[in-house]
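J.: Take a look at model_24.csv, CSV, C-alpha atoms:
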```csv
chain,number,residue,atom,x,y,z
A,1,MET,CA,-13.7,-18.6,-1.4
A,2,ASP,CA,-11.7,-21.4,0.1
A,3,ALA,CA,-9.5,-21.7,-3.1
A,4,MET,CA,-8.6,-18.1,-2.6
A,5,ILE,CA,-7.5,-18.7,1.0
A,6,VAL,CA,-5.2,-21.4,-0.2
A,7,PHE,CA,-3.7,-19.0,-2.7
A,8,ASP,CA,-3.4,-16.3,0.0
A,9,LEU,CA,-1.6,-18.6,2.3
A,10,ALA,CA,0.8,-19.8,-0.4
A,11,LEU,CA,1.5,-16.3,-1.6
A,12,ALA,CA,2.1,-15.1,2.0
A,13,LEU,CA,4.5,-17.9,2.7
A,14,ALA,CA,6.3,-17.2,-0.6
A,15,LEU,CA,6.7,-13.6,0.4
A,16,VAL,CA,8.2,-14.3,3.8
A,17,GLY,CA,10.4,-17.1,2.3
A,18,LEU,CA,11.6,-14.7,-0.5
A,19,ALA,CA,12.3,-11.9,1.9
A,20,TRP,CA,14.5,-14.3,3.9
A,21,ALA,CA,16.2,-15.7,0.8
A,22,VAL,CA,17.0,-12.2,-0.5
A,23,LEU,CA,19.1,-11.4,2.5
A,24,ALA,CA,20.5,-14.9,3.1
A,25,THR,CA,21.8,-15.5,-0.4
A,26,GLU,CA,25.6,-15.5,-0.7
A,27,ASP,CA,25.6,-14.2,-4.3
A,28,LEU,CA,24.6,-10.6,-4.5
A,29,PHE,CA,23.4,-10.9,-8.1
A,30,ALA,CA,21.1,-13.7,-7.0
A,31,ALA,CA,19.9,-11.6,-4.1
A,32,VAL,CA,19.0,-8.7,-6.4
A,33,VAL,CA,17.1,-11.1,-8.8
A,34,LEU,CA,15.2,-12.6,-5.8
A,35,PHE,CA,14.4,-9.1,-4.6
A,36,ILE,CA,12.8,-8.2,-8.0
A,37,VAL,CA,10.8,-11.4,-7.8
A,38,PHE,CA,9.8,-10.4,-4.3
A,39,GLY,CA,8.6,-7.0,-5.5
A,40,LEU,CA,6.4,-8.6,-8.2
A,41,MET,CA,4.9,-11.0,-5.7
A,42,THR,CA,4.2,-8.1,-3.4
A,43,ALA,CA,2.4,-6.4,-6.3
A,44,LEU,CA,0.3,-9.5,-6.8
A,45,ALA,CA,-0.6,-9.6,-3.1
A,46,TRP,CA,-1.7,-5.9,-3.3
A,47,VAL,CA,-3.9,-6.6,-6.3
A,48,ARG,CA,-5.5,-9.3,-4.1
A,49,LEU,CA,-6.0,-6.7,-1.4
A,50,ALA,CA,-7.9,-4.4,-3.8
A,51,ALA,CA,-5.0,-1.9,-4.2
A,52,PRO,CA,-4.3,-2.0,-8.0
A,53,ASP,CA,-2.8,1.5,-8.0
A,54,VAL,CA,-0.3,0.7,-5.4
A,55,ALA,CA,0.4,-2.7,-7.1
A,56,LEU,CA,1.2,-0.9,-10.4
A,57,ALA,CA,3.5,1.6,-8.6
A,58,GLU,CA,5.3,-1.3,-6.7
A,59,ALA,CA,5.7,-3.4,-9.9
A,60,ALA,CA,7.0,-0.4,-11.9
A,61,ILE,CA,9.0,1.5,-9.3
A,62,GLY,CA,9.6,-0.8,-6.4
A,63,ALA,CA,10.6,-3.9,-8.5
A,64,GLY,CA,11.4,-2.5,-11.9
A,65,VAL,CA,13.3,0.8,-11.5
A,66,THR,CA,14.7,-0.2,-8.2
A,67,GLY,CA,15.9,-3.5,-9.7
A,68,ALA,CA,17.6,-1.6,-12.5
A,69,LEU,CA,19.3,0.7,-10.1
A,70,LEU,CA,20.5,-2.3,-8.0
A,71,LEU,CA,21.8,-4.2,-11.0
A,72,THR,CA,23.7,-1.2,-12.4
A,73,THR,CA,25.2,-0.5,-8.9
A,74,LEU,CA,26.2,-4.1,-8.7
A,75,ARG,CA,28.0,-3.9,-12.0
A,76,ARG,CA,29.8,-0.6,-11.1
A,77,THR,CA,31.0,-1.9,-7.7
A,78,ALA,CA,32.0,-5.4,-9.0
A,79,GLY,CA,34.7,-6.9,-6.8
A,80,ALA,CA,34.1,-4.8,-3.7
A,81,ALA,CA,33.2,-7.5,-1.3
A,82,THR,CA,32.4,-6.9,2.4
A,83,PRO,CA,33.0,-10.0,4.6
A,84,GLU,CA,30.0,-10.8,6.7
A,85,VAL,CA,31.3,-11.1,10.3
A,86,THR,CA,28.7,-10.5,12.9
A,87,PRO,CA,29.6,-11.9,16.4
A,88,PRO,CA,27.0,-14.4,17.6
A,89,ALA,CA,26.3,-12.3,20.7
A,90,VAL,CA,25.4,-9.3,18.5
A,91,SER,CA,23.2,-11.5,16.3
A,92,TRP,CA,21.3,-12.9,19.3
A,93,GLY,CA,20.9,-9.4,20.9
A,94,VAL,CA,19.7,-7.8,17.7
A,95,GLY,CA,17.5,-10.8,16.9
A,96,ALA,CA,15.8,-10.4,20.3
A,97,LEU,CA,15.4,-6.7,19.7
A,98,SER,CA,13.9,-7.2,16.2
A,99,LEU,CA,11.6,-9.9,17.5
A,100,ALA,CA,10.4,-7.5,20.3
A,101,VAL,CA,9.8,-4.6,17.9
A,102,THR,CA,7.9,-7.0,15.5
A,103,ALA,CA,5.9,-8.5,18.3
A,104,GLY,CA,4.9,-5.0,19.5
A,105,LEU,CA,3.9,-4.1,16.0
A,106,GLY,CA,2.0,-7.4,15.7
A,107,ALA,CA,0.1,-6.7,19.0
A,108,ALA,CA,-0.9,-3.3,17.6
A,109,PHE,CA,-1.9,-4.8,14.3
A,110,LEU,CA,-4.0,-7.6,15.9
A,111,GLY,CA,-5.6,-5.2,18.4
A,112,ALA,CA,-6.5,-2.5,15.9
A,113,PRO,CA,-10.1,-2.4,14.6
A,114,SER,CA,-10.2,-4.0,11.2
A,115,GLN,CA,-12.8,-3.3,8.5
A,116,GLY,CA,-13.5,-0.1,10.5
A,117,PRO,CA,-14.7,2.9,8.7
A,118,GLY,CA,-11.7,4.9,7.5
A,119,LEU,CA,-11.9,7.9,5.3
A,120,GLU,CA,-13.6,6.2,2.4
A,121,GLY,CA,-16.9,7.9,3.3
A,122,ALA,CA,-15.4,11.4,3.2
A,123,ILE,CA,-13.6,10.5,-0.1
A,124,ALA,CA,-16.7,9.3,-1.8
A,125,GLY,CA,-18.8,12.3,-0.5
A,126,ASN,CA,-16.4,14.8,-2.0
A,127,LEU,CA,-15.4,12.9,-5.2
A,128,ALA,CA,-17.8,15.0,-7.4
A,129,ALA,CA,-16.0,18.2,-6.4
A,130,SER,CA,-12.5,16.8,-6.8
A,131,GLY,CA,-12.3,16.9,-10.6
A,132,VAL,CA,-11.5,13.2,-11.1
A,133,GLU,CA,-13.5,10.0,-10.7
A,134,HIS,CA,-10.8,7.8,-9.3
A,135,PRO,CA,-10.5,8.0,-5.5
A,136,VAL,CA,-6.7,7.4,-5.3
A,137,THR,CA,-6.0,10.1,-7.9
A,138,ALA,CA,-8.4,12.4,-6.0
A,139,VAL,CA,-6.4,11.8,-2.7
A,140,LEU,CA,-3.0,12.2,-4.4
A,141,LEU,CA,-3.8,15.3,-6.6
A,142,ASN,CA,-6.5,17.1,-4.7
A,143,TYR,CA,-7.2,16.2,-1.0
A,144,ARG,CA,-3.6,15.6,-0.1
A,145,ALA,CA,-1.9,17.4,-2.9
A,146,TYR,CA,0.6,19.0,-0.5
A,147,ASP,CA,2.0,15.5,0.3
A,148,THR,CA,2.4,14.8,-3.4
A,149,LEU,CA,4.1,18.1,-4.0
A,150,MET,CA,6.6,17.2,-1.3
A,151,GLU,CA,7.1,13.8,-2.8
A,152,VAL,CA,8.0,15.4,-6.2
A,153,VAL,CA,10.5,17.6,-4.2
A,154,VAL,CA,12.1,14.5,-2.7
A,155,LEU,CA,12.6,13.0,-6.1
A,156,PHE,CA,14.2,16.2,-7.2
A,157,ALA,CA,16.4,16.3,-4.2
A,158,ALA,CA,17.5,12.7,-4.9
A,159,VAL,CA,18.7,13.6,-8.4
A,160,VAL,CA,20.5,16.6,-7.1
A,161,ALA,CA,22.3,14.4,-4.5
A,162,VAL,CA,23.2,11.7,-7.0
A,163,TRP,CA,24.6,14.3,-9.4
A,164,SER,CA,26.7,15.8,-6.6
A,165,VAL,CA,28.0,12.5,-5.3
A,166,ALA,CA,28.8,10.6,-8.5
A,167,GLN,CA,31.2,12.6,-10.7
A,168,ALA,CA,33.7,10.0,-11.6
A,169,PRO,CA,33.6,9.0,-15.3
A,170,GLU,CA,32.3,5.5,-15.8
A,171,ALA,CA,33.8,2.5,-17.4
A,172,GLU,CA,31.9,2.0,-20.7
A,173,THR,CA,29.1,-0.4,-20.7
A,174,PRO,CA,29.4,-3.1,-23.4
A,175,ALA,CA,27.5,-2.3,-26.6
A,176,PRO,CA,24.1,-4.1,-26.8
A,177,GLY,CA,23.8,-7.1,-29.2
A,178,PRO,CA,21.5,-7.2,-32.2
A,179,VAL,CA,18.8,-9.1,-30.2
A,180,TYR,CA,18.7,-6.3,-27.6
A,181,ALA,CA,18.6,-3.6,-30.2
A,182,GLY,CA,15.7,-5.3,-31.9
A,183,PHE,CA,13.9,-5.7,-28.6
A,184,ALA,CA,14.4,-2.0,-27.8
A,185,ARG,CA,13.1,-1.0,-31.2
A,186,LEU,CA,9.8,-2.8,-30.6
A,187,ALA,CA,9.6,-2.1,-26.9
A,188,LEU,CA,10.3,1.7,-26.9
A,189,PRO,CA,7.2,2.8,-28.8
A,190,ALA,CA,5.0,0.3,-26.9
A,191,ALA,CA,6.3,1.6,-23.5
A,192,ALA,CA,5.6,5.2,-24.6
A,193,VAL,CA,2.0,4.4,-25.4
A,194,VAL,CA,1.5,2.4,-22.2
A,195,GLY,CA,3.0,5.3,-20.1
A,196,ALA,CA,0.8,7.9,-21.7
A,197,TYR,CA,-2.3,5.7,-21.3
A,198,LEU,CA,-1.6,5.1,-17.6
A,199,LEU,CA,-1.4,8.8,-17.1
A,200,TRP,CA,-4.7,9.5,-18.9
A,201,ALA,CA,-6.5,6.5,-17.3
A,202,GLY,CA,-5.6,7.7,-13.8
A,203,ALA,CA,-8.5,10.2,-13.8
A,204,THR,CA,-11.1,7.4,-13.9
A,205,MET,CA,-9.4,4.1,-13.0
A,206,PRO,CA,-6.2,2.7,-11.5
A,207,GLY,CA,-3.1,4.4,-13.0
A,208,GLY,CA,-1.8,8.0,-12.8
A,209,ALA,CA,1.2,10.2,-12.8
A,210,PHE,CA,3.5,8.0,-10.8
A,211,GLN,CA,2.8,4.7,-12.6
A,212,GLY,CA,2.9,6.5,-16.0
A,213,GLY,CA,6.1,8.3,-15.1
A,214,ALA,CA,7.7,5.0,-14.0
A,215,VAL,CA,6.9,3.3,-17.3
A,216,LEU,CA,8.2,6.3,-19.2
A,217,GLY,CA,11.3,6.3,-17.0
A,218,ALA,CA,11.8,2.7,-17.8
A,219,LEU,CA,11.6,3.7,-21.5
A,220,GLY,CA,14.4,6.1,-20.8
A,221,ILE,CA,16.5,3.4,-19.1
A,222,LEU,CA,15.9,1.1,-22.1
A,223,ALA,CA,17.0,3.9,-24.5
A,224,LEU,CA,20.1,4.5,-22.4
A,225,LEU,CA,21.0,0.8,-22.5
A,226,ALA,CA,20.3,0.5,-26.2
A,227,ARG,CA,22.3,3.7,-26.8
A,228,SER,CA,19.3,5.1,-28.7
A,229,TYR,CA,19.9,8.1,-26.4
A,230,VAL,CA,23.4,9.2,-25.4
A,231,PRO,CA,23.4,12.0,-22.8
A,232,ALA,CA,25.7,14.8,-23.9
A,233,PRO,CA,26.9,17.8,-21.8
A,234,GLU,CA,24.8,20.2,-23.8
A,235,HIS,CA,21.7,18.3,-22.7
A,236,ARG,CA,22.3,19.3,-19.1
A,237,ALA,CA,20.2,22.5,-19.2
A,238,MET,CA,17.3,20.5,-20.8
A,239,ALA,CA,17.6,17.8,-18.1
A,240,ARG,CA,17.6,20.3,-15.3
A,241,ALA,CA,14.5,21.9,-16.7
A,242,ALA,CA,12.8,18.5,-16.9
A,243,PHE,CA,13.7,17.7,-13.3
A,244,ILE,CA,12.4,20.9,-11.9
A,245,ALA,CA,9.3,21.3,-14.2
A,246,GLY,CA,7.1,19.0,-12.1
A,247,THR,CA,7.8,20.8,-8.8
A,248,ALA,CA,7.5,24.2,-10.4
A,249,VAL,CA,4.2,23.7,-12.3
A,250,PHE,CA,2.7,21.9,-9.3
A,251,ALA,CA,3.7,24.7,-6.8
A,252,LEU,CA,2.7,27.5,-9.2
A,253,VAL,CA,-0.8,26.0,-9.8
A,254,ALA,CA,-1.2,25.4,-6.1
A,255,LEU,CA,-0.3,29.0,-5.2
A,256,ALA,CA,-2.1,30.6,-8.2
A,257,VAL,CA,-5.5,29.1,-7.1
A,258,GLY,CA,-4.9,30.6,-3.7
A,259,PHE,CA,-5.6,34.2,-4.9
A,260,GLY,CA,-9.0,35.6,-4.1
A,261,PRO,CA,-11.5,33.8,-1.9
A,262,ARG,CA,-9.7,30.4,-2.0
A,263,VAL,CA,-6.6,29.0,-0.2
A,264,ALA,CA,-3.6,27.4,-1.8
A,265,PHE,CA,-4.3,23.9,-3.3
A,266,GLU,CA,-8.0,24.6,-3.3
A,267,TYR,CA,-8.8,24.2,-7.0
A,268,PRO,CA,-12.1,25.8,-8.3
A,269,PRO,CA,-14.3,22.7,-9.0
A,270,ALA,CA,-15.0,23.8,-12.6
A,271,LEU,CA,-11.3,23.9,-13.3
A,272,ALA,CA,-10.2,21.0,-11.1
A,273,LYS,CA,-10.0,18.4,-13.9
A,274,PRO,CA,-7.9,20.5,-16.4
A,275,LEU,CA,-5.6,21.7,-13.6
A,276,ILE,CA,-5.1,18.2,-12.2
A,277,LEU,CA,-4.4,16.8,-15.7
A,278,LEU,CA,-1.9,19.7,-16.3
A,279,ILE,CA,-0.1,19.0,-13.1
A,280,GLU,CA,-0.1,15.2,-13.7
A,281,ALA,CA,1.2,15.5,-17.3
A,282,VAL,CA,4.2,17.7,-16.2
A,283,VAL,CA,4.9,15.7,-13.1
A,284,THR,CA,4.8,12.5,-15.2
A,285,LEU,CA,7.5,13.9,-17.5
A,286,SER,CA,9.6,15.1,-14.5
A,287,ILE,CA,9.3,11.6,-12.9
A,288,ALA,CA,10.3,9.9,-16.1
A,289,ALA,CA,13.3,12.2,-16.7
A,290,THR,CA,14.4,11.9,-13.0
A,291,LEU,CA,14.1,8.1,-12.8
A,292,ALA,CA,16.1,7.7,-16.1
A,293,ALA,CA,18.7,10.2,-14.7
A,294,LEU,CA,19.0,8.3,-11.4
A,295,PHE,CA,19.7,5.2,-13.4
A,296,PHE,CA,22.3,6.9,-15.6
A,297,GLY,CA,23.8,8.0,-12.2
A,298,ARG,CA,25.9,11.0,-13.0
A,299,GLU,CA,26.0,14.3,-14.8
A,300,PRO,CA,26.9,13.9,-18.5
A,301,GLU,CA,30.5,15.1,-18.7
A,302,PRO,CA,32.6,16.1,-21.8
A,303,LEU,CA,35.2,13.5,-20.8
A,304,SER,CA,33.0,10.4,-20.9
A,305,VAL,CA,31.2,11.6,-24.0
A,306,GLU,CA,34.4,12.0,-26.0
A,307,ALA,CA,35.3,8.4,-25.0
A,308,ARG,CA,32.2,7.1,-26.8
A,309,PRO,CA,32.5,5.9,-30.4
B,1,MET,CA,-8.8,-16.7,8.2
B,2,SER,CA,-9.3,-13.6,6.0
B,3,PRO,CA,-6.9,-12.2,3.4
B,4,ASP,CA,-6.2,-9.0,5.5
B,5,LEU,CA,-5.1,-11.1,8.5
B,6,ILE,CA,-2.9,-13.5,6.3
B,7,TYR,CA,-1.2,-10.6,4.5
B,8,GLY,CA,-0.9,-8.5,7.6
B,9,LEU,CA,1.1,-11.3,9.3
B,10,ALA,CA,3.2,-11.8,6.2
B,11,GLY,CA,4.0,-8.1,6.2
B,12,LEU,CA,5.0,-8.3,9.8
B,13,GLY,CA,7.3,-11.2,9.0
B,14,VAL,CA,8.9,-9.3,6.1
B,15,PHE,CA,9.4,-6.2,8.3
B,16,GLY,CA,11.0,-8.3,11.1
B,17,ILE,CA,13.4,-10.1,8.7
B,18,GLY,CA,14.3,-6.7,7.2
B,19,LEU,CA,14.9,-5.1,10.6
B,20,PHE,CA,17.0,-8.0,11.8
B,21,ARG,CA,19.1,-8.1,8.7
B,22,ALA,CA,19.5,-4.3,8.4
B,23,LEU,CA,21.2,-4.4,11.8
B,24,THR,CA,23.3,-7.5,11.4
B,25,LEU,CA,24.6,-7.5,7.8
B,26,ALA,CA,27.8,-5.8,6.8
B,27,ALA,CA,27.7,-5.4,3.0
B,28,PRO,CA,26.1,-2.0,2.3
B,29,LEU,CA,24.0,-3.2,-0.6
B,30,ARG,CA,22.5,-5.9,1.5
B,31,ARG,CA,21.6,-3.4,4.3
B,32,VAL,CA,19.9,-1.2,1.7
B,33,LEU,CA,17.9,-4.2,0.5
B,34,ALA,CA,17.0,-5.0,4.1
B,35,LEU,CA,15.7,-1.5,4.7
B,36,LYS,CA,13.6,-1.7,1.5
B,37,LEU,CA,12.1,-5.0,2.8
B,38,CYS,CA,11.2,-3.1,6.1
B,39,ALA,CA,9.5,-0.5,4.0
B,40,VAL,CA,7.5,-3.1,2.0
B,41,GLY,CA,6.5,-4.8,5.3
B,42,ALA,CA,5.2,-1.5,6.7
B,43,SER,CA,3.4,-0.8,3.5
B,44,PHE,CA,1.6,-4.2,3.8
B,45,LEU,CA,0.1,-3.0,7.1
B,46,LEU,CA,-1.2,0.2,5.5
B,47,ILE,CA,-2.7,-1.8,2.5
B,48,VAL,CA,-4.3,-4.3,4.9
B,49,ALA,CA,-5.7,-1.4,7.0
B,50,ALA,CA,-7.3,0.0,3.8
B,51,TYR,CA,-8.8,-3.4,2.8
B,52,ARG,CA,-12.6,-4.0,3.2
B,53,GLU,CA,-14.4,-7.3,2.7
B,54,PRO,CA,-16.2,-7.2,-0.6
B,55,PRO,CA,-18.5,-5.6,-1.6
B,56,GLY,CA,-17.0,-2.7,0.4
B,57,ALA,CA,-14.6,-0.4,-1.4
B,58,ALA,CA,-11.0,0.0,-0.1
B,59,ASP,CA,-10.0,3.3,1.7
B,60,ALA,CA,-7.9,5.3,-0.8
B,61,VAL,CA,-6.0,7.4,1.7
B,62,PRO,CA,-3.6,4.6,2.8
B,63,HIS,CA,-3.2,3.6,-0.8
B,64,ALA,CA,-2.0,7.2,-1.7
B,65,LEU,CA,0.3,7.1,1.3
B,66,VAL,CA,2.0,3.9,0.1
B,67,ILE,CA,2.4,5.2,-3.4
B,68,THR,CA,4.1,8.3,-1.9
B,69,GLY,CA,6.2,5.9,0.2
B,70,ILE,CA,7.3,3.9,-2.8
B,71,VAL,CA,8.5,7.0,-4.7
B,72,VAL,CA,10.3,8.4,-1.6
B,73,MET,CA,11.9,5.0,-1.1
B,74,VAL,CA,13.2,4.8,-4.7
B,75,SER,CA,14.7,8.3,-4.2
B,76,ALA,CA,16.4,7.3,-0.9
B,77,MET,CA,17.6,4.1,-2.5
B,78,ALA,CA,19.1,5.9,-5.5
B,79,VAL,CA,21.0,8.3,-3.2
B,80,ALA,CA,22.2,5.3,-1.0
B,81,LEU,CA,23.4,3.4,-4.1
B,82,ALA,CA,25.2,6.5,-5.4
B,83,LEU,CA,27.0,6.7,-2.1
B,84,ILE,CA,27.8,3.0,-2.1
B,85,HIS,CA,29.3,3.4,-5.6
B,86,ARG,CA,31.3,6.4,-4.5
B,87,ILE,CA,32.7,4.5,-1.5
B,88,ALA,CA,33.6,1.5,-3.7
B,89,VAL,CA,35.5,3.9,-6.1
B,90,LEU,CA,37.3,5.6,-3.3
B,91,GLU,CA,38.3,2.3,-1.7
B,92,ARG,CA,39.6,1.0,-5.1
B,93,GLU,CA,41.6,4.2,-5.6
B,94,GLY,CA,42.9,3.9,-2.0
B,95,GLY,CA,43.9,0.3,-2.6
B,96,HIS,CA,46.2,1.3,-5.5
B,97,ASP,CA,48.1,4.0,-3.6
```
Can you give me the file's structure in the form of structure tokens?
T.:
Amino acid sequence: MDAMIVFDLALALALVGLAWAVLATEDLFAAVVLFIVFGLMTALAWVRLAAPDVALAEAAIGAGVTGALLLTTLRRTAGAATPEVTPPAVSWGVGALSLAVTAGLGAAFLGAPSQGPGLEGAIAGNLAASGVEHPVTAVLLNYRAYDTLMEVVVLFAAVVAVWSVAQAPEAETPAPGPVYAGFARLALPAAAVVGAYLLWAGATMPGGAFQGGAVLGALGILALLARSYVPAPEHRAMARAAFIAGTAVFALVALAVGFGPRVAFEYPPALAKPLILLIEAVVTLSIAATLAALFFGREPEPLSVEARP
Amino acid sequence: MSPDLIYGLAGLGVFGIGLFRALTLAAPLRRVLALKLCAVGASFLLIVAAYREPPGAADAVPHALVITGIVVMVSAMAVALALIHRIAVLEREGGHD
């Protein structure tokens, strides 16, 4: 047990040090790389805290997809430097304010009952009726399905906003070299299998629609970078259908079970597993398409496509 | 010293650093990074709240909340980065006029 405490202390110090380094580094590229390392260390800490589902989501989305978004933004905005000029008085004032807020949060954290009974009893008591055996999936897709529906809506709103904001044609990315093309050829099918497996595994063990969707979204990013897939204007209708499919199927199922004696979102126990798997499968595809589209960053336009070889 | 206390304090530290930097840094990309660190720090507190000493099983509700938070954060981040890109493009065009 003592050896684990040493590991915990080292990891905790590394996390705080990395967080400081991310924001203190002069070079933005180095800051983004440190941020990705920070995300992976966070995932490690969450595994240690018995939260493997969240660790998977953080590693895949928080570090992976977010890192890819940051790096591509960095390349697109290259040369736009903002001088860091904060007057010392402002720094000290804001520092005191941040310290006060953090100290207040710390007092609340240290004063809160730990190890106390939360909702784990209620979750375990109703797991048999939820349709899945894994508690986190039961919370996401059954007990608190309304939250998850709204989360899919937020993702959809993000892609609508990104398509509305970024309409300028891009400078072309340099073509990938033979090493990258070979890597993509090996990695693409492997990522497809891992993504599908995570989705299926989510019913009984850590995994699920968001983790699977993130891996499949990364597959989309890889395909975009390797030019295995080049978005064309005539794909727009298909892309829009993929973005909205998750929200639409989720909402329709939730409302459809509400007819008769039940209320919306109350799946009949006998049908709960097939319904949850149906929602998860469609949501996974929507998440994957949306994340890849967020990385691509704009609507495919005729202009930029004609410029491609 | 138990893991929940250690990582809870680390989460608080990360949150504080993020908050301070989000309010003092000027470069938009760094401010977005700082806000993301705030979100991770807050998530740490939820994960720690769900932790139970073995052999107890962790509470799944905070876990589900953090997964939702991660997805909402990547959505917000994508929109923020698209806006940063747009500002950079407009500033570049403005510079040439």
J.: Show me a table, sorted first by chain and then by increasing residue number, of the residues of chain B having an atom at most 6 Å from chain A, each with its shortest atom pair and the distance in Å to one decimal, counting only C-alpha atoms and written as a Markdown table.
T.:
```
| residue | atom | partner | partner_atom | distance |
| --- | --- | --- | --- | --- |
| B:Ala10 | CA | A:Ala12 | CA | 5.5 |
| B:Val14 | CA | A:Val16 | CA | 5.5 |
| B:Gly16 | CA | A:Thr102 | CA | 5.5 |
| B:Phe20 | CA | A:Ser98 | CA | 5.4 |
| B:Ala26 | CA | A:Glu84 | CA | 5.5 |
| B:Ala27 | CA | A:Thr82 | CA | 5.0 |
| B:Arg52 | CA | A:Gln115 | CA | 5.3 |
| B:Asp59 | CA | A:Glu120 | CA | 4.7 |
| B:Ala60 | CA | A:Val136 | CA | 5.1 |
| B:Ala64 | CA | A:Leu140 | CA | 5.8 |
| B:Ile67 | CA | A:Val54 | CA | 5.6 |
| B:Ser75 | CA | A:Ala158 | CA | 5.3 |
| B:Val79 | CA | A:Val162 | CA | 5.6 |
| B:Ala82 | CA | A:Val162 | CA | 5.8 |
| B:His85 | CA | A:Thr77 | CA | 5.9 |
| B:Ala88 | CA | A:Thr77 | CA | 5.9 |
```
J.: Have a look at atom CA of A:Met41 and atom CA of B:Val61 and let me know their distance in Å, one decimal.
T.: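 These atoms are spaced 22.6 Å apart.
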J.: Can you tell me which residues surround B:Leu45 at a distance of at most 8 Å, considering all atoms listed in the file, apart from same-chain residues fewer than 4 positions away, and format the answer as an MDAnalysis selection string?
T.: (chainID A and resid 109) or (chainID B and resid 8 11:12 41 49)
J.: Put those residues in a file: C-alpha atoms, as a compact mmCIF listing (two decimals), in the coordinates of the input.
T.:
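Generated file (part_31.txt):
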```txt
# COMPACT_ATOMS: atom_id res chain seq x y z
CA PHE A 109 -1.90 -4.80 14.30
CA GLY B 8 -0.90 -8.50 7.60
CA GLY B 11 4.00 -8.10 6.20
CA LEU B 12 5.00 -8.30 9.80
CA GLY B 41 6.50 -4.80 5.30
CA ALA B 49 -5.70 -1.40 7.00
```
J.: Could you state the separation of atom CA of B:Met1 and atom CA of B:Val48 in Å, given to one decimal place?
T.: 13.6 Å
J.: Rounded to one decimal in Å, what is the spacing between atom CA of A:Tyr229 and atom CA of A:Gly246?
T.: 22.1 Å
J.: Between A:Ala248, A:Ala30, A:Ala209, A:Ala203, which has the minimum distance to A:Ala272 (counting all atoms listed in the file)?
T.: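 Closest to A:Ala272 of all the choices is A:Ala203.
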J.: Would you list the contacts of B:Ala34 as a list of chain:residue names, taking every protein, DNA or RNA residue within 10 Å and counting all atoms listed in the file, but skipping same-chain residues closer than 2 positions in sequence?
T.: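 So the residues in contact are A:Ala19, A:Trp20, A:Val22, A:Leu23, A:Phe35, B:Val14, B:Phe15, B:Gly16, B:Ile17, B:Gly18, B:Leu19, B:Phe20, B:Arg21, B:Ala22, B:Leu23, B:Thr24, B:Leu25, B:Pro28, B:Leu29, B:Arg30, B:Arg31, B:Val32, B:Lys36, B:Leu37, B:Cys38, B:Ala39, B:Val40.
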J.: Quick one: of B:Gly94, B:Leu33, B:Ala58, B:Glu53, who's nearest to B:Ala80, counting all atoms listed in the file?
T.: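 Nearest candidate to B:Ala80 out of B:Gly94, B:Leu33, B:Ala58, B:Glu53: B:Leu33.
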J.: Taking all atoms listed in the file into account, name the residue in A:Trp200, A:Tyr146, A:Phe296, A:Phe265 that is nearest to A:Ala68.
T.: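 That would be A:Phe296, the residue with the smallest distance to A:Ala68.
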J.: From the set A:Ala270, A:Ala288, A:Tyr180, A:Thr247, which residue has the shortest atom-to-atom contact distance to A:Gly195, counting only C-alpha atoms?
T.: A:Ala288
J.: Please determine, counting all atoms listed in the file, which residue among B:Ala57, B:Ile87, B:Ala78, B:Val66 has the shortest atom-to-atom distance to B:Ala42.
T.: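 So, comparing all the options, the nearest one is B:Val66.
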J.: Edge lengths and centre, in Å to one decimal, as JSON: that's what I need for the box along x, y and z that holds all listed atoms of stretch 66-80 of chain A plus 3 Å on each side.
T.:
```
{"center_x": 24.7, "center_y": -3.1, "center_z": -8.1, "size_x": 26.0, "size_y": 13.6, "size_z": 14.8}
```
J.: Name the closest residue to B:Ser43 among the candidates B:Val74, B:Tyr7, B:Val89, B:Ser2; distances are taken between atoms, counting all atoms listed in the file.
T.: B:Tyr7
